[in-house]
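The structure appears below as structure tokens.
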Number of protein chains: 4
Amino acid sequence: MMKKNFYSDNVSGASPEILAALVVANAGDTAPYGGDPYTERLPRRFGQLFETEVEVYPVGTGTAANGLCAAVMTAPYGAVICADGSHLHTSECGGAEFWSGGGARSVPLPTRDGKIRAVDLTRALADGALRTADVPPRALSLTQGTEAGTVYSVGEVGALAEVARAHGLRVHMDGARFANAVARLGCTPAELTWKAGVDILSFGATKNGALCAEAVVFFNRELAQTMRYRRRRGGHLFSKMRLISAQLEAYVADDLWLRNARHANAMARRLREGLSRIPGVRFHHPTEINFLLATLPAPVWEGLVADGYSFSRRGVPADNIVRIACACDTTEQAVDALVAAAERHAAVKSPNPQPTPAAR
Amino acid sequence: MMKKNFYSDNVSGASPEILAALVVANAGDTAPYGGDPYTERLPRRFGQLFETEVEVYPVGTGTAANGLCAAVMTAPYGAVICADGSHLHTSECGGAEFWSGGGARSVPLPTRDGKIRAVDLTRALADGALRTADVPPRALSLTQGTEAGTVYSVGEVGALAEVARAHGLRVHMDGARFANAVARLGCTPAELTWKAGVDILSFGATKNGALCAEAVVFFNRELAQTMRYRRRRGGHLFSKMRLISAQLEAYVADDLWLRNARHANAMARRLREGLSRIPGVRFHHPTEINFLLATLPAPVWEGLVADGYSFSRRGVPADNIVRIACACDTTEQAVDALVAAAERHAAVKSPNPQPTPAAR
Amino acid sequence: MMKKNFYSDNVSGASPEILAALVVANAGDTAPYGGDPYTERLPRRFGQLFETEVEVYPVGTGTAANGLCAAVMTAPYGAVICADGSHLHTSECGGAEFWSGGGARSVPLPTRDGKIRAVDLTRALADGALRTADVPPRALSLTQGTEAGTVYSVGEVGALAEVARAHGLRVHMDGARFANAVARLGCTPAELTWKAGVDILSFGATKNGALCAEAVVFFNRELAQTMRYRRRRGGHLFSKMRLISAQLEAYVADDLWLRNARHANAMARRLREGLSRIPGVRFHHPTEINFLLATLPAPVWEGLVADGYSFSRRGVPADNIVRIACACDTTEQAVDALVAAAERHAAVKSPNPQPTPAAR
Amino acid sequence: MMKKNFYSDNVSGASPEILAALVVANAGDTAPYGGDPYTERLPRRFGQLFETEVEVYPVGTGTAANGLCAAVMTAPYGAVICADGSHLHTSECGGAEFWSGGGARSVPLPTRDGKIRAVDLTRALADGALRTADVPPRALSLTQGTEAGTVYSVGEVGALAEVARAHGLRVHMDGARFANAVARLGCTPAELTWKAGVDILSFGATKNGALCAEAVVFFNRELAQTMRYRRRRGGHLFSKMRLISAQLEAYVADDLWLRNARHANAMARRLREGLSRIPGVRFHHPTEINFLLATLPAPVWEGLVADGYSFSRRGVPADNIVRIACACDTTEQAVDALVAAAERHAAVKSPNPQPTPAAR
């Protein structure tokens with residue numbers, strides 16, 4: 001059935017390779033709580049992937065990963081600087097505050113195309129705009145790829161990390177779409193993380209082919225000292241942890257993660273090319289990973305919704321921005337069908353040429 | 001391969017029915033974050049199961065379920081009275097404190113065979129032993145089945161709930177092994193919960209055939225008002241929630257949960273009968289669910305460990321208590337083999353007849 | 001000795017009337033923890049002052065008052081909207097987060113002359129700029145008088161409260177300088193608070209003649225239900241509470257609070273008139289209470305510091321803004337001497353006419 | 001007027017010396033927030049008093065002092081072991097949990113005459129009774145003098161500290177009645193604290209002649225790193241801090257603190273001698289500081305209450321224990337009058353010889 005649900009890259013199930021790995025891992029008994037062979041292999045697998053010794057902590061969601069990272073970086077208190085549209089700041093219900101027991105807060109900076117600029121970070125830190133009398137800044141969190149659909153280049157990550165470190169801040173990377181960023185940049189995972197100054201990474205797999213698998217990867221292993229306790233306390237020490245670890249293992253095996261991401265990225269590019277030929281469609285940012293943000297003319301919007309298509313709203317209703325997301329299993333046919341439908345609706349004369357209606 | 005891992009009921013994978021349900025649920029797209037059909041069906045399924053309207057919130061672990069329950073019952077502050085050996089108090093790293101942001105604390109009461117007695121609760125509440133100057137008691141948490149391997153009868157639950165309610169306390173049931181208790185008692189789920197005065201239930205499936213599925217079931221739906229927010233903030237709003245919901249649905253379909261539990265209970269009884277014939281084996285509590293707590297003579301202990309058997313220690317090392325747990329996939333042959341091995345080692349003369357060695 | 005410390009209105013001791021009241025209250029025994037006659041009289045005294053039934057909770061500092069208010073208004077979680085330069089958001093070390101156990105966060109809005117405008121609050125609330133997916137706004141906090149030295153008129157408070165209430169938000173007034181605002185406006189305390197829609201007030205006395213006395217005044221007494229417990233837990237239940245209550249009683253007796261505030265306000269006006277005649281002095285906001293914010297030419301700044309004068313820096317160093325604060329015991333002579341010294345230094349030719357040097 | 005209020009040592013005002021010091025300190029301007037000369041002198045004064053370099057942080061109440069100590073000792077999480085009747089555990093509304101943002105919990109141990117015994121602490125720590133799977137013990141808190149009216153000898157403190165340190169625990173002393181303990185033991189402050197292994201001390205003055213003055217004294221200055229921030233966040237950074245510091249300075253000047261404590265202790269001893277001659281009066285613990293715990297025959301109790309005397313209840317009502325507290329301004333005449341009144345009522349035949357009635 002032709003995919004019409006472009007609401008999120010979370011709408012699809014797991015890739016066949018990962019489902020298969022899950023079925024295999026289910027057989028027989030293993031020690032619980034992470035004592036199983038899959039979990040025990042993770043540090044070596046991820047060590048190879050990142051070309052350095054790491055600690056790996058599987059958890060259930062990216063929200064948990066981000067909250068745990070915020071807590072360990074700021075303990076016993078401190079501010080996490082992040083993008084004003086970041087998931088940590090806007091969609092985790094005060095995760096930094098919760099996971100740190102009230103010791104942390106997330107402090108937003110404005111962005112360009114979803115990215116914090118080094119010059120803005122410098123100014124915010126160096127000239128006291130982040131008042132030293134208040135919660136001291138202790139960490140920087142970069143979402144890679146961003147909520148705008150762009151990616152920080154390796155150089156940009158390095159420049160931001162340098163500013164952060166110069167002020168004693170730790171650096172976190174929210175990698176819910178890390179795969180898509182690596183696929184886009186063609187760099188190595190090491191180049192984009194610890195070699196660029198990143199201390200810890202929320203490594204996401206759920207949006208890119210897993211069923212439920214995220215991990216916190218520590219490059220700065222000092223920060224991991226309290227992780228076991230905190231993860232357990234937050235209810236993310238899964239008794240049958242092989243469930244998550246087997247997914248992570250299959251995810252990074254044979255470059256599955258990169259193949260999935262490249263495909264999803266390509267589908268978003270294809271979609272953009274198609275939609276760009278429709279008059280009145282406006283794009284808000286470069287499309288560098290697997291989704292685009294666009295304003296569609298009312299007839300197109302209304303028509304697609306009537307056709308059963310599903311997108312998500314971004315920003316405030318008055319902005320009329322939709323996000324159209326491609327997943328690793330979005331086919332070219334599905335993309336082409338969407339473009340064709342959009343073209344069809346664009347050709348229809350709307351009696352009342354309006355922008356995308358506010359209510360949904 | 002003959003099962004030798006009796007460390008926990010968490011060592012096995014999922015029952016075939018549940019794995020199959022997972023594979024089916026994985027196909028195609030669904031709305032994320034609980035908007036899928038599996039999750040949407042849960043209130044009706046669980047409503048039928050419990051014979052009343054309920055709210056159901058899938059989460060990833062029992063620790064998260066218990067912590068969320070502690071938080072909603074005590075908000076904005078209060079003590080949760082629980083058994084001194086309860087998982088909430090001893091194995092969740094201060095979960096009540098964490099999930100409530102420091103507003104709650106767990107307060108232990110002593111038990112008989114793992115159970116809080118109504119007379120002890122009455123005394124603790126009525127005569128001020130729980131100092132009114134301090135954190136006021138707001139909730140009672142009963143682990144059913146208990147950490148000692150016993151179950152509260154329906155009457156016992158009712159009596160405790162009555163005392164609790166008379167003092168304005170909410171009643172929580174930690175049902176990590178709820179299935180085993182229902183299977184043992186032969187009562188209905190309703191009789192053991194809301195009809196007996198229980199407000200909310202941590203409904204466990206992971207220990208009894210699921211791969212990773214727990215839920216908080218609200219009978220007192222007033223308490224659920226903040227649940228969506230709290231669950232999300234704690235990172236337990238899974239984007240591909242059908243993963244958990246499909247397991248829960250399959251778990252309660254066609255009485256799978258009860259068949260699994262009856263079998264595991266029966267295996268524990270079989271094991272006890274076999275071990276009881278070995279001189280020097282002491283049991284510490286009635287065996288009413290799927291595991292037993294025993295002290296084994298040193299030769300038996302050492303021999304079984306040398307054979308590759310795996311158990312978990314309970315209490316303090318000097319007590320020499322082991323827990324031998326049967327899962328829903330533990331076969332009669334595995335049980336009989338364990339008993340035979342134990343008998344074999346018991347027959348061997350130990351040069352140094354000691355109790356179970358302390359170090360492990 | 002001529003006052004040269006204009007660093008804050010906190011630099012002086014208590015007014016003689018209040019010190020005398022303290023000495024009298026010290027005699028003899030009273031019940032501790034608020035059971036004394038002074039504390040017991042407070043609700044009636046403040047009820048007369050505010051022309052309505054109130055609950056009054058003495059605490060030690062304004063930071064504690066604000067934190068407690070943030071916690072009770074948002075429980076169990078929520079955002080407190082406040083001015084971006086407010087004490088709550090910038091100088092209380094994450095007080096909202098701390099006092100609420102991680103459930104609250106303070107969310108800043110931009111201001112004009114230190115005041116939140118109703119149109120900005122409306123837009124922030126009504127069009128989703130405060131993302132509903134995240135921490136929901138539950139309260140509005142207005143600092144009266146503001147950190148810029150201005151006051152909200154009664155009408156402005158009412159308009160803001162109306163917007164807040166329309167969205168279900170509680171309204172808090174941070175009245176660290178409430179006296180100065182009332183003195184300026186010439187309105188009644190009732191008109192400026194509950195009649196305008198304010199639910200709770202941090203009533204400050206320390207900056208205006210007390211030695212150490214603040215109180216949380218509840219107009220909306222529903223919000224006070226958990227106050228006793230929270231105050232005690234935060235270590236603000238003083239055993240010899242008559243210490244604070246006697247100060248509060250003397251503070252509001254015979255309009256002492258208003259006489260003190262009128263005087264301090266008048267001194268600030270006198271100071272402004274004097275400084276305004278000096279070329280190069282720039283004022284940043286209207287001076288409506290007891291301090292002014294100004295940028296001084298370098299020779300003036302340097303000269304005054306060399307003379308032993310003390311001011312506090314505001315904003316970021318590059319802004320070169322100083323706050324010159326008048327207390328209730330600042331004499332006309334002291335003000336005139338400061339102006340004269342400033343004039344003297346202004347007349348000196350600086351070889352390098354620069355703005356106020358950054359470093360201090 | 002003859003003192004009849006023996007409810008607490010908190011019922012009286014400040015000693016004349018301290019009130020005088022307050023009046024003097026009130027004059028003139030000083031830098032706020034601790035920048036005043038009184039506060040700046042404290043480290044040296046207390047350094048002399050304790051014969052070592054210390055850091056001193058004035059705060060408003062003992063509850064705040066204890067909570068802050070619990071937080072800094074356990075950060076980022078941990079259990080504070082304390083006496084089951086300790087103020088921290090029973091009268092601070094979960095202070096350890098609150099001040100640590102949910103990271104800490106207080107864990108009670110049973111006592112003999114109010115004191116934790118080294119053998120009990122050893123057993124609790126060494127044999128796993130404090131489950132390592134749960135919140136790890138990080139601190140020991142000793143109340144000196146105890147809630148039972150006794151004192152730990154220097155040797156007892158040392159022995160307990162040694163056990164604690166051997167397990168990596170910090171040691172806190174709740175010195176709300178530190179003066180009374182030192183006065184009783186005749187040792188030096190250093191001998192009773194850091195020389196015996198104590199890391200931080202809640203130094204109380206309010207119960208022994210101050211109006212409102214407590215301080216956290218750090219011997220282990222590493223623990224003080226986060227103290228400024230935490231104290232400020234908790235609203236205990238008083239702007240006119242000279243208020244507290246001047247009291248502390250006067251308190252330890254010329255041994256005022258010890259004179260006051262010796263007197264209060266002596267009054268309690270006098271009281272005990274007098275009451276011990278009354279048939280039916282039972283004492284529950286040695287009387288080593290300034291109060292005693294006793295069960296009084298009903299006629300005595302009822303008679304004294306009718307006379308207007310005021311005591312506080314201890315334990316649960318059924319225990320019929322009252323605490324009779326002597327303050328530093330309790331006169332011999334007041335003690336003798338109380339004893340005489342007790343004797344008078346004891347001589348009266350009660351038609352219904354009962355123990356102390358439960359209701360009060």
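Identifiers in this document derive from the order of the structure tokens: chains are assigned A, B, ..., residues are numbered from 1 separately in each chain, and ligands are numbered from 1 in order of occurrence.
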Near His167 of chain C, counting only C-alpha atoms, which residues have an atom at most 9 Å away, once you skip same-chain residues fewer than 2 positions from it, shown as a CSV table (one decimal) with all heavy atoms, in the first residue's frame?
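Wrote it out as result.csv, contents follow:
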chain,number,residue,atom,x,y,z
C,125,LEU,N,1.0,33.6,24.6
C,125,LEU,CA,0.0,32.5,25.1
C,125,LEU,C,-0.9,32.1,24.0
C,125,LEU,O,-1.2,30.9,23.9
C,125,LEU,CB,-0.8,33.1,26.3
C,125,LEU,CG,-0.1,33.2,27.6
C,125,LEU,CD1,-0.9,33.9,28.6
C,125,LEU,CD2,0.4,31.9,28.1
C,126,ALA,N,-1.4,33.0,23.2
C,126,ALA,CA,-2.5,32.6,22.3
C,126,ALA,C,-2.1,32.0,21.1
C,126,ALA,O,-2.8,31.1,20.5
C,126,ALA,CB,-3.3,33.9,22.0
C,137,PRO,N,2.4,26.6,30.4
C,137,PRO,CA,2.4,27.8,31.2
C,137,PRO,C,1.3,27.7,32.3
C,137,PRO,O,0.2,27.4,32.0
C,137,PRO,CB,2.1,29.0,30.3
C,137,PRO,CG,1.8,28.4,29.0
C,137,PRO,CD,2.0,26.9,29.0
C,138,ARG,N,1.7,27.9,33.5
C,138,ARG,CA,0.7,27.8,34.6
C,138,ARG,C,0.7,29.1,35.4
C,138,ARG,O,-0.2,29.3,36.3
C,138,ARG,CB,1.1,26.7,35.6
C,138,ARG,CG,0.9,25.3,35.0
C,138,ARG,CD,-0.4,24.7,35.6
C,138,ARG,NE,-0.4,23.3,35.2
C,138,ARG,CZ,-1.0,22.9,34.1
C,138,ARG,NH1,-1.5,23.8,33.2
C,138,ARG,NH2,-1.1,21.6,33.7
C,162,GLU,N,-5.7,39.8,33.4
C,162,GLU,CA,-6.9,39.3,32.6
C,162,GLU,C,-6.4,38.3,31.5
C,162,GLU,O,-7.0,37.3,31.3
C,162,GLU,CB,-7.6,40.5,32.0
C,162,GLU,CG,-9.0,40.2,31.6
C,162,GLU,CD,-9.7,41.5,31.0
C,162,GLU,OE1,-9.4,42.6,31.6
C,162,GLU,OE2,-10.4,41.4,30.1
C,163,VAL,N,-5.4,38.7,30.9
C,163,VAL,CA,-4.8,37.8,29.8
C,163,VAL,C,-4.4,36.5,30.5
C,163,VAL,O,-4.8,35.4,30.0
C,163,VAL,CB,-3.6,38.4,29.1
C,163,VAL,CG1,-3.0,37.4,28.1
C,163,VAL,CG2,-4.0,39.7,28.4
C,164,ALA,N,-3.7,36.6,31.6
C,164,ALA,CA,-3.3,35.4,32.3
C,164,ALA,C,-4.4,34.5,32.6
C,164,ALA,O,-4.4,33.3,32.4
C,164,ALA,CB,-2.5,35.7,33.5
C,165,ARG,N,-5.4,35.0,33.3
C,165,ARG,CA,-6.5,34.2,33.8
C,165,ARG,C,-7.3,33.6,32.6
C,165,ARG,O,-7.8,32.5,32.7
C,165,ARG,CB,-7.5,35.1,34.6
C,165,ARG,CG,-6.8,35.4,36.0
C,165,ARG,CD,-7.6,36.6,36.7
C,165,ARG,NE,-7.1,36.8,38.0
C,165,ARG,CZ,-7.4,36.0,39.0
C,165,ARG,NH1,-8.2,34.9,38.8
C,165,ARG,NH2,-7.0,36.2,40.2
C,169,LEU,N,-3.9,30.8,33.8
C,169,LEU,CA,-2.7,31.1,34.6
C,169,LEU,C,-3.0,31.8,35.9
C,169,LEU,O,-3.8,32.6,36.0
C,169,LEU,CB,-1.7,31.9,33.8
C,169,LEU,CG,-0.7,31.3,32.9
C,169,LEU,CD1,-1.4,30.5,31.8
C,169,LEU,CD2,0.2,32.3,32.2
- request: For chain A, report every residue with an atom at most 10 Å from chain C (counting only C-alpha atoms), formatted as a ChimeraX atom specification.
  value: /A:77-79,85,87-107,126-136,315-319
Would you put the residues from that selection into a file with C-alpha atoms, as a PDB file, in the first residue's frame?
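Generated file (again-v2.pdb):
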ATOM      1  CA  TYR A  77      23.504  22.122  38.783  1.00  0.00           C
ATOM      2  CA  GLY A  78      23.939  24.109  35.631  1.00  0.00           C
ATOM      3  CA  ALA A  79      22.409  25.299  32.423  1.00  0.00           C
ATOM      4  CA  GLY A  85      13.711  24.838  18.723  1.00  0.00           C
ATOM      5  CA  HIS A  87      13.689  18.762  21.224  1.00  0.00           C
ATOM      6  CA  LEU A  88      15.366  18.985  24.618  1.00  0.00           C
ATOM      7  CA  HIS A  89      13.975  22.460  25.187  1.00  0.00           C
ATOM      8  CA  THR A  90      10.572  22.218  23.566  1.00  0.00           C
ATOM      9  CA  SER A  91       9.377  18.646  23.490  1.00  0.00           C
ATOM     10  CA  GLU A  92      10.650  16.816  26.527  1.00  0.00           C
ATOM     11  CA  CYS A  93       8.432  18.415  29.164  1.00  0.00           C
ATOM     12  CA  GLY A  94      11.310  19.999  31.012  1.00  0.00           C
ATOM     13  CA  GLY A  95      13.492  16.920  30.762  1.00  0.00           C
ATOM     14  CA  ALA A  96      16.652  18.692  31.866  1.00  0.00           C
ATOM     15  CA  GLU A  97      14.894  19.929  34.999  1.00  0.00           C
ATOM     16  CA  PHE A  98      13.307  16.539  35.733  1.00  0.00           C
ATOM     17  CA  TRP A  99      16.295  14.285  35.192  1.00  0.00           C
ATOM     18  CA  SER A 100      18.527  16.567  37.232  1.00  0.00           C
ATOM     19  CA  GLY A 101      16.107  16.900  40.117  1.00  0.00           C
ATOM     20  CA  GLY A 102      15.735  20.613  39.540  1.00  0.00           C
ATOM     21  CA  GLY A 103      19.433  21.283  39.257  1.00  0.00           C
ATOM     22  CA  ALA A 104      19.538  21.956  35.546  1.00  0.00           C
ATOM     23  CA  ARG A 105      17.665  24.124  33.149  1.00  0.00           C
ATOM     24  CA  SER A 106      17.796  24.320  29.374  1.00  0.00           C
ATOM     25  CA  VAL A 107      18.634  27.752  28.021  1.00  0.00           C
ATOM     26  CA  ALA A 126      31.772  35.713  26.851  1.00  0.00           C
ATOM     27  CA  ASP A 127      29.951  38.905  27.547  1.00  0.00           C
ATOM     28  CA  GLY A 128      27.828  37.756  30.421  1.00  0.00           C
ATOM     29  CA  ALA A 129      24.536  37.557  28.575  1.00  0.00           C
ATOM     30  CA  LEU A 130      24.220  34.274  30.435  1.00  0.00           C
ATOM     31  CA  ARG A 131      24.297  35.932  33.821  1.00  0.00           C
ATOM     32  CA  THR A 132      26.856  34.431  36.124  1.00  0.00           C
ATOM     33  CA  ALA A 133      24.660  35.289  39.081  1.00  0.00           C
ATOM     34  CA  ASP A 134      22.161  32.727  37.965  1.00  0.00           C
ATOM     35  CA  VAL A 135      22.392  29.146  36.840  1.00  0.00           C
ATOM     36  CA  PRO A 136      25.923  28.823  35.419  1.00  0.00           C
ATOM     37  CA  GLY A 315       6.148  26.299  14.523  1.00  0.00           C
ATOM     38  CA  VAL A 316       3.023  28.210  15.400  1.00  0.00           C
ATOM     39  CA  PRO A 317      -0.151  27.739  13.372  1.00  0.00           C
ATOM     40  CA  ALA A 318       0.076  31.189  11.854  1.00  0.00           C
ATOM     41  CA  ASP A 319       3.363  30.200  10.236  1.00  0.00           C
TER      42      ASP A 319
END
message: If I take atom CA of Leu22 of chain B and atom CA of Phe218 of chain B, how far is one from the other in Å, to one decimal?
response: 24.9 Å
message: Would you compute the distance between atom CA of Arg170 of chain B and atom CA of Arg41 of chain B? Give it in Å to one decimal.
response: 27.2 Å
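Restricting the calculation to only C-alpha atoms, the smallest distance between Lys240 of chain C and any of D:Leu49, D:Val281, D:Cys328, D:Ala213 is found for D:Ala213.
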